[in-house]
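As stored in my_file30.cif (mmCIF, C-alpha atoms and all ligand atoms):
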data_upload
#
loop_
_atom_site.label_atom_id
_atom_site.label_comp_id
_atom_site.auth_asym_id
_atom_site.auth_seq_id
_atom_site.Cartn_x
_atom_site.Cartn_y
_atom_site.Cartn_z
CA MET A 1 -4.84 16.35 15.11
CA THR A 2 -3.16 13.73 17.35
CA SER A 3 0.41 12.64 16.58
CA LYS A 4 -0.94 9.27 15.42
CA GLN A 5 -3.30 10.99 12.97
CA ALA A 6 -0.47 13.24 11.78
CA ASN A 7 1.73 10.18 11.22
CA LEU A 8 -1.01 8.47 9.22
CA GLU A 9 -1.42 11.62 7.13
CA VAL A 10 2.31 11.55 6.31
CA LYS A 11 1.99 7.87 5.34
CA ARG A 12 -1.04 8.69 3.19
CA ILE A 13 0.77 11.43 1.30
CA VAL A 14 3.87 9.37 0.57
CA GLY A 15 1.82 6.28 -0.29
CA ILE A 16 -0.22 8.25 -2.80
CA ALA A 17 2.94 9.77 -4.27
CA ALA A 18 4.43 6.29 -4.77
CA ALA A 19 1.30 5.14 -6.56
CA GLY A 20 1.98 7.91 -9.08
CA GLU A 21 5.03 5.94 -10.26
CA VAL A 22 2.85 3.10 -11.56
CA GLU A 23 2.48 3.06 -15.35
CA ASP A 24 0.06 1.45 -17.75
CA GLY A 25 0.89 -2.22 -18.31
CA MET A 26 2.99 -2.67 -15.20
CA VAL A 27 3.10 -5.66 -12.90
CA VAL A 28 3.45 -4.19 -9.42
CA GLY A 29 4.43 -5.79 -6.12
CA LEU A 30 2.02 -4.66 -3.43
CA GLY A 31 3.67 -4.28 -0.04
CA THR A 32 2.07 -4.76 3.34
CA GLY A 33 1.27 -2.31 6.12
CA SER A 34 -0.37 1.03 6.72
CA THR A 35 1.79 3.01 4.24
CA ALA A 36 1.59 0.47 1.42
CA ASN A 37 -2.17 0.33 1.94
CA TYR A 38 -2.49 3.96 0.90
CA ALA A 39 -0.55 3.21 -2.29
CA ILE A 40 -2.84 0.25 -3.01
CA ILE A 41 -5.96 2.39 -2.65
CA ARG A 42 -4.52 5.06 -4.96
CA ILE A 43 -3.46 2.50 -7.60
CA GLY A 44 -7.05 1.24 -7.62
CA GLU A 45 -8.33 4.80 -8.11
CA ARG A 46 -5.88 5.37 -10.97
CA ILE A 47 -6.99 2.16 -12.67
CA ARG A 48 -10.54 3.51 -12.71
CA GLU A 49 -9.76 7.16 -13.46
CA GLU A 50 -7.08 6.65 -16.13
CA GLU A 51 -8.17 3.22 -17.42
CA ILE A 52 -4.64 1.86 -17.03
CA ALA A 53 -3.99 -1.88 -16.90
CA VAL A 54 -2.11 -2.93 -13.76
CA VAL A 55 -1.55 -6.36 -12.25
CA GLY A 56 -0.77 -6.47 -8.54
CA VAL A 57 1.26 -9.18 -6.83
CA PRO A 58 0.38 -8.98 -3.10
CA THR A 59 2.88 -9.70 -0.35
CA SER A 60 0.34 -10.84 2.26
CA TYR A 61 -3.27 -11.76 2.85
CA GLN A 62 -3.73 -8.17 3.98
CA SER A 63 -2.45 -6.63 0.75
CA ALA A 64 -4.39 -9.17 -1.34
CA ILE A 65 -7.61 -8.26 0.45
CA ARG A 66 -6.88 -4.54 0.13
CA ALA A 67 -5.97 -4.87 -3.54
CA ARG A 68 -9.14 -6.75 -4.42
CA ALA A 69 -11.21 -4.17 -2.54
CA ALA A 70 -9.42 -1.43 -4.51
CA GLY A 71 -10.27 -3.11 -7.82
CA ILE A 72 -6.72 -4.21 -8.69
CA ARG A 73 -6.31 -7.43 -10.64
CA VAL A 74 -4.36 -9.73 -8.31
CA ALA A 75 -1.93 -12.45 -9.41
CA ASP A 76 0.62 -14.78 -7.83
CA LEU A 77 4.38 -14.41 -7.93
CA ALA A 78 4.36 -17.74 -9.77
CA ASP A 79 2.37 -16.08 -12.57
CA TYR A 80 4.72 -13.09 -12.73
CA PRO A 81 8.21 -14.07 -11.55
CA GLU A 82 9.51 -10.70 -12.82
CA LEU A 83 7.89 -7.49 -11.62
CA ASP A 84 8.33 -3.94 -12.90
CA LEU A 85 7.99 -2.19 -9.57
CA THR A 86 7.27 -2.91 -5.91
CA ILE A 87 5.88 -0.34 -3.48
CA ASP A 88 6.39 -1.24 0.15
CA GLY A 89 6.80 0.27 3.58
CA ALA A 90 9.64 -0.34 6.03
CA ASP A 91 10.31 -0.14 9.75
CA GLN A 92 13.81 1.36 9.56
CA VAL A 93 16.07 2.56 6.73
CA ASP A 94 19.74 3.47 7.14
CA ALA A 95 21.99 5.83 5.21
CA ALA A 96 23.18 3.02 2.89
CA PHE A 97 19.59 1.87 2.17
CA ASN A 98 19.76 -1.21 4.35
CA VAL A 99 16.25 -1.82 5.57
CA ILE A 100 14.48 -3.61 8.40
CA LYS A 101 11.01 -4.89 7.57
CA GLY A 102 8.53 -7.28 9.13
CA GLY A 103 6.75 -5.18 11.75
CA GLY A 104 3.62 -6.77 10.34
CA ALA A 105 5.25 -10.22 9.99
CA ALA A 106 5.02 -10.04 6.19
CA HIS A 107 8.73 -9.79 5.36
CA THR A 108 9.20 -13.26 3.85
CA ARG A 109 6.81 -12.65 0.99
CA GLU A 110 7.93 -9.02 0.83
CA LYS A 111 11.53 -10.15 0.31
CA CYS A 112 10.49 -12.61 -2.42
CA VAL A 113 8.60 -9.89 -4.25
CA ALA A 114 11.35 -7.29 -3.75
CA ASP A 115 13.90 -9.74 -5.10
CA ALA A 116 11.77 -10.32 -8.22
CA SER A 117 11.29 -6.59 -8.89
CA THR A 118 13.24 -4.38 -11.25
CA ARG A 119 12.59 -1.34 -9.02
CA ILE A 120 11.63 -1.01 -5.37
CA LEU A 121 9.98 2.06 -3.93
CA ILE A 122 10.24 2.16 -0.14
CA VAL A 123 7.76 4.55 1.44
CA VAL A 124 8.34 5.70 5.01
CA ASP A 125 7.76 8.58 7.35
CA GLY A 126 10.79 10.50 8.61
CA THR A 127 10.88 8.74 12.00
CA LYS A 128 12.08 5.57 10.28
CA VAL A 129 15.23 7.04 8.73
CA THR A 130 18.37 6.48 10.81
CA ASP A 131 22.14 6.53 10.39
CA ARG A 132 22.51 2.99 11.73
CA LEU A 133 19.88 0.27 12.01
CA HIS A 134 19.15 -0.49 15.64
CA MET A 135 15.66 -1.91 16.03
CA PRO A 136 15.05 -5.64 16.62
CA VAL A 137 15.20 -7.72 13.45
CA PRO A 138 12.11 -9.89 12.87
CA VAL A 139 13.05 -13.43 11.88
CA GLU A 140 10.37 -15.80 10.59
CA VAL A 141 11.08 -19.26 11.94
CA VAL A 142 9.66 -22.73 11.51
CA PRO A 143 7.80 -23.34 14.83
CA TYR A 144 9.58 -26.68 15.36
CA ALA A 145 12.94 -24.87 15.36
CA ALA A 146 12.03 -21.70 17.29
CA THR A 147 13.98 -22.58 20.44
CA GLY A 148 17.04 -23.64 18.48
CA VAL A 149 16.94 -20.51 16.34
CA ALA A 150 16.72 -18.36 19.49
CA ARG A 151 19.89 -20.08 20.80
CA HIS A 152 21.69 -19.31 17.52
CA ILE A 153 20.55 -15.69 17.77
CA GLY A 154 22.09 -15.57 21.27
CA ARG A 155 25.42 -16.85 19.88
CA LEU A 156 25.29 -14.04 17.30
CA GLY A 157 25.01 -11.55 20.16
CA GLY A 158 21.27 -10.99 19.89
CA GLU A 159 18.30 -11.50 22.15
CA ALA A 160 15.29 -13.21 20.59
CA VAL A 161 11.75 -12.65 21.82
CA LEU A 162 8.84 -14.68 20.48
CA ARG A 163 6.27 -12.29 19.04
CA GLU A 164 2.86 -12.75 20.57
CA GLY A 165 -0.48 -11.53 19.30
CA ILE A 166 -2.42 -8.51 20.30
CA LYS A 167 -5.86 -9.94 19.50
CA LYS A 168 -4.85 -13.59 19.81
CA ASP A 169 -3.41 -15.53 22.72
CA GLY A 170 -0.10 -17.20 21.98
CA PRO A 171 2.42 -16.68 19.19
CA VAL A 172 1.74 -14.63 16.08
CA ILE A 173 1.31 -17.04 13.17
CA THR A 174 2.53 -15.64 9.86
CA ASP A 175 0.76 -15.97 6.50
CA ASN A 176 3.13 -18.90 5.93
CA GLY A 177 2.17 -20.68 9.17
CA ASN A 178 5.34 -19.83 11.09
CA PHE A 179 6.44 -17.93 14.23
CA ILE A 180 8.29 -14.61 14.47
CA LEU A 181 11.29 -13.99 16.72
CA ASP A 182 12.08 -10.31 17.24
CA CYS A 183 15.85 -10.29 17.63
CA ALA A 184 17.53 -7.32 19.33
CA PHE A 185 21.21 -6.76 18.46
CA GLY A 186 21.48 -3.13 19.51
CA THR A 187 23.12 -1.01 16.82
CA ILE A 188 23.81 -3.26 13.83
CA GLU A 189 27.40 -2.62 12.72
CA ASP A 190 27.36 -4.96 9.72
CA PRO A 191 23.81 -5.39 8.36
CA ALA A 192 24.86 -7.48 5.35
CA GLY A 193 26.99 -9.80 7.48
CA LEU A 194 24.19 -10.22 9.99
CA GLU A 195 21.70 -10.98 7.22
CA THR A 196 24.02 -13.67 5.89
CA SER A 197 24.48 -15.16 9.37
CA LEU A 198 20.74 -15.22 9.99
CA ASN A 199 20.19 -16.88 6.60
CA THR A 200 22.33 -19.86 7.62
CA ILE A 201 20.45 -20.78 10.83
CA PRO A 202 18.53 -24.03 10.40
CA GLY A 203 14.82 -23.36 10.82
CA ALA A 204 15.15 -19.60 10.27
CA LEU A 205 13.15 -18.92 7.13
CA THR A 206 13.71 -15.20 6.46
CA SER A 207 15.01 -12.22 8.37
CA GLY A 208 13.54 -8.77 8.03
CA LEU A 209 16.96 -7.39 7.07
CA PHE A 210 17.03 -6.32 3.41
CA THR A 211 20.62 -5.44 2.52
CA GLU A 212 20.95 -6.43 -1.13
CA TYR A 213 18.57 -4.11 -2.91
CA ALA A 214 20.04 -0.62 -2.49
CA GLU A 215 20.95 -0.37 -6.19
CA LYS A 216 17.37 -0.74 -7.35
CA MET A 217 15.76 1.01 -4.40
CA THR A 218 14.28 4.50 -4.14
CA VAL A 219 13.34 5.69 -0.66
CA MET A 220 10.52 8.22 -0.42
CA VAL A 221 10.27 9.95 2.95
CA GLY A 222 7.03 11.66 3.85
CA GLU A 223 7.28 14.88 5.83
CA ASP A 224 5.87 18.42 6.10
CA GLY A 225 2.82 17.79 3.93
CA GLY A 226 4.97 16.34 1.14
CA TYR A 227 7.85 13.97 0.64
CA ARG A 228 11.53 13.92 -0.27
CA ILE A 229 13.67 11.36 -2.03
CA LEU A 230 16.41 10.09 0.26
CA THR A 231 19.91 10.10 -1.20
CA ARG A 232 22.59 7.56 -0.29
O1 LIG B 301 5.63 -6.83 7.79
C1 LIG B 301 5.31 -5.70 7.47
C2 LIG B 301 6.05 -4.81 6.61
O2 LIG B 301 7.41 -5.05 6.47
C3 LIG B 301 5.68 -3.34 6.64
O3 LIG B 301 5.93 -2.86 5.37
C4 LIG B 301 6.45 -2.52 7.67
O4 LIG B 301 6.25 -3.08 8.94
C5 LIG B 301 5.99 -1.05 7.67
O5 LIG B 301 4.65 -0.94 8.02
P1 LIG B 301 3.90 0.44 8.15
O6 LIG B 301 3.87 1.07 6.79
O7 LIG B 301 2.52 0.07 8.64
O8 LIG B 301 4.62 1.28 9.14
#
Please, can you express the file's structure as structure tokens?
Amino acid sequence: MTSKQANLEVKRIVGIAAAGEVEDGMVVGLGTGSTANYAIIRIGERIREEEIAVVGVPTSYQSAIRARAAGIRVADLADYPELDLTIDGADQVDAAFNVIKGGGAAHTREKCVADASTRILIVVDGTKVTDRLHMPVPVEVVPYAATGVARHIGRLGGEAVLREGIKKDGPVITDNGNFILDCAFGTIEDPAGLETSLNTIPGALTSGLFTEYAEKMTVMVGEDGGYRILTR
């Protein structure tokens, strides 16, 4: 097995475990990415096997497509402004449960859904757990303001790089029609303060820093053929 296959297997195991937390009658936020996808598939299987009623609120076109394919009834956040549970992946999680998301450019809708949820299950492999956040923070920006936002990021001590596509020439366009700036700050000493600063930049829609949800968050870390619950 290659290391990539092994990593996907860890994501599969923890994604399936998270889907086990879904109960009959729940409205569930469906995160985006390779780990959340495994949870979506398993929720669909449970709906068929156990005849439970579950409504899914997707966080992206990807999770909406996956959810429909899995047989999950899909609804909008506008239909269900309060959710019982959200299952989502992350790119980095620190010891205080501050999180960086948006590796797949989905963090704006993910943050809206996380905010609306009573509980959040974050599902990650062990490589994403760190003492201090240090990876670049994705910031979704209105295209008109991208240059100005990048200058603000510089004043905050960061370096912003416009994310460009792998299978598309030019900038990545989010599900909301915007650009992504990946903003490197080195080790982030004050995640909550940085999130607040990023929130005040004109034209910056949402940063991938999630610092306000630790109280309602459970972090499941896949490893060694199983998973563990991270403690703060
Ligand atoms: O924008 C994408 C999301 O925040 C993902 O949940 C995050 O990037 C983790 O993705 P994956 O589970 O594929 O590693």
A straight line from CA of Glu82 (chain A) to CA of Val142 (chain A) spans 27.1 Å
Hey, which residues come within 6 Å of ligand LIG 301 (chain B) if we count all atoms listed in the file? Could you give them as a list in words?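 The distance check yields Thr32, Gly33, Ser34, Thr35, Ala36, Asp88, Gly89, Ala90, Asp91, Lys101, Gly102, Gly103, Gly104, Ala105, Ala106 and His107 of chain A.
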Nearest to Gly126 (chain A), restricted to only C-alpha atoms and choosing among A:Val161, A:Ile47, A:Val14, A:Leu209, comes out as A:Val14
Need the shell around Thr196 (chain A): protein/DNA/RNA residues with any atom at most 12 Å away, counting all atoms listed in the file. Skip same-chain ones fewer than 3 positions apart. Format as a PDB file with C-alpha atoms, in the frame of the given file?
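As written to disk, result.pdb reads:
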ATOM      1  CA  LEU A 156      25.290 -14.040  17.300  1.00  0.00           C
ATOM      2  CA  ASP A 190      27.360  -4.960   9.720  1.00  0.00           C
ATOM      3  CA  PRO A 191      23.810  -5.390   8.360  1.00  0.00           C
ATOM      4  CA  ALA A 192      24.860  -7.480   5.350  1.00  0.00           C
ATOM      5  CA  GLY A 193      26.990  -9.800   7.480  1.00  0.00           C
ATOM      6  CA  ASN A 199      20.190 -16.880   6.600  1.00  0.00           C
ATOM      7  CA  THR A 200      22.330 -19.860   7.620  1.00  0.00           C
ATOM      8  CA  ILE A 201      20.450 -20.780  10.830  1.00  0.00           C
ATOM      9  CA  ALA A 204      15.150 -19.600  10.270  1.00  0.00           C
ATOM     10  CA  THR A 206      13.710 -15.200   6.460  1.00  0.00           C
ATOM     11  CA  SER A 207      15.010 -12.220   8.370  1.00  0.00           C
ATOM     12  CA  GLY A 208      13.540  -8.770   8.030  1.00  0.00           C
ATOM     13  CA  LEU A 209      16.960  -7.390   7.070  1.00  0.00           C
ATOM     14  CA  PHE A 210      17.030  -6.320   3.410  1.00  0.00           C
ATOM     15  CA  THR A 211      20.620  -5.440   2.520  1.00  0.00           C
ATOM     16  CA  GLU A 212      20.950  -6.430  -1.130  1.00  0.00           C
TER      17      GLU A 212
END
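Of the residues listed (A:Thr118, A:Ala146, A:Val57, A:Pro171), A:Val57 shows the shortest atom-to-atom separation from Asp79 (chain A); distances use all atoms listed in the file.
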query: Contacts of Pro81 (chain A) at 12 Å or less, counting all atoms listed in the file, minus same-chain residues fewer than 4 places along, as a ChimeraX atom specification?
result: /A:27-29,57,75-77,112-118
Counting all atoms listed in the file, the residue among A:Leu162, A:Ile100, A:Val219, A:Leu181 that lies closest to Val123 (chain A) is A:Val219
From the list A:Thr86, A:Gly222, A:Tyr213, A:Arg66, the nearest residue to Arg109 (chain A) using only C-alpha atoms is A:Thr86
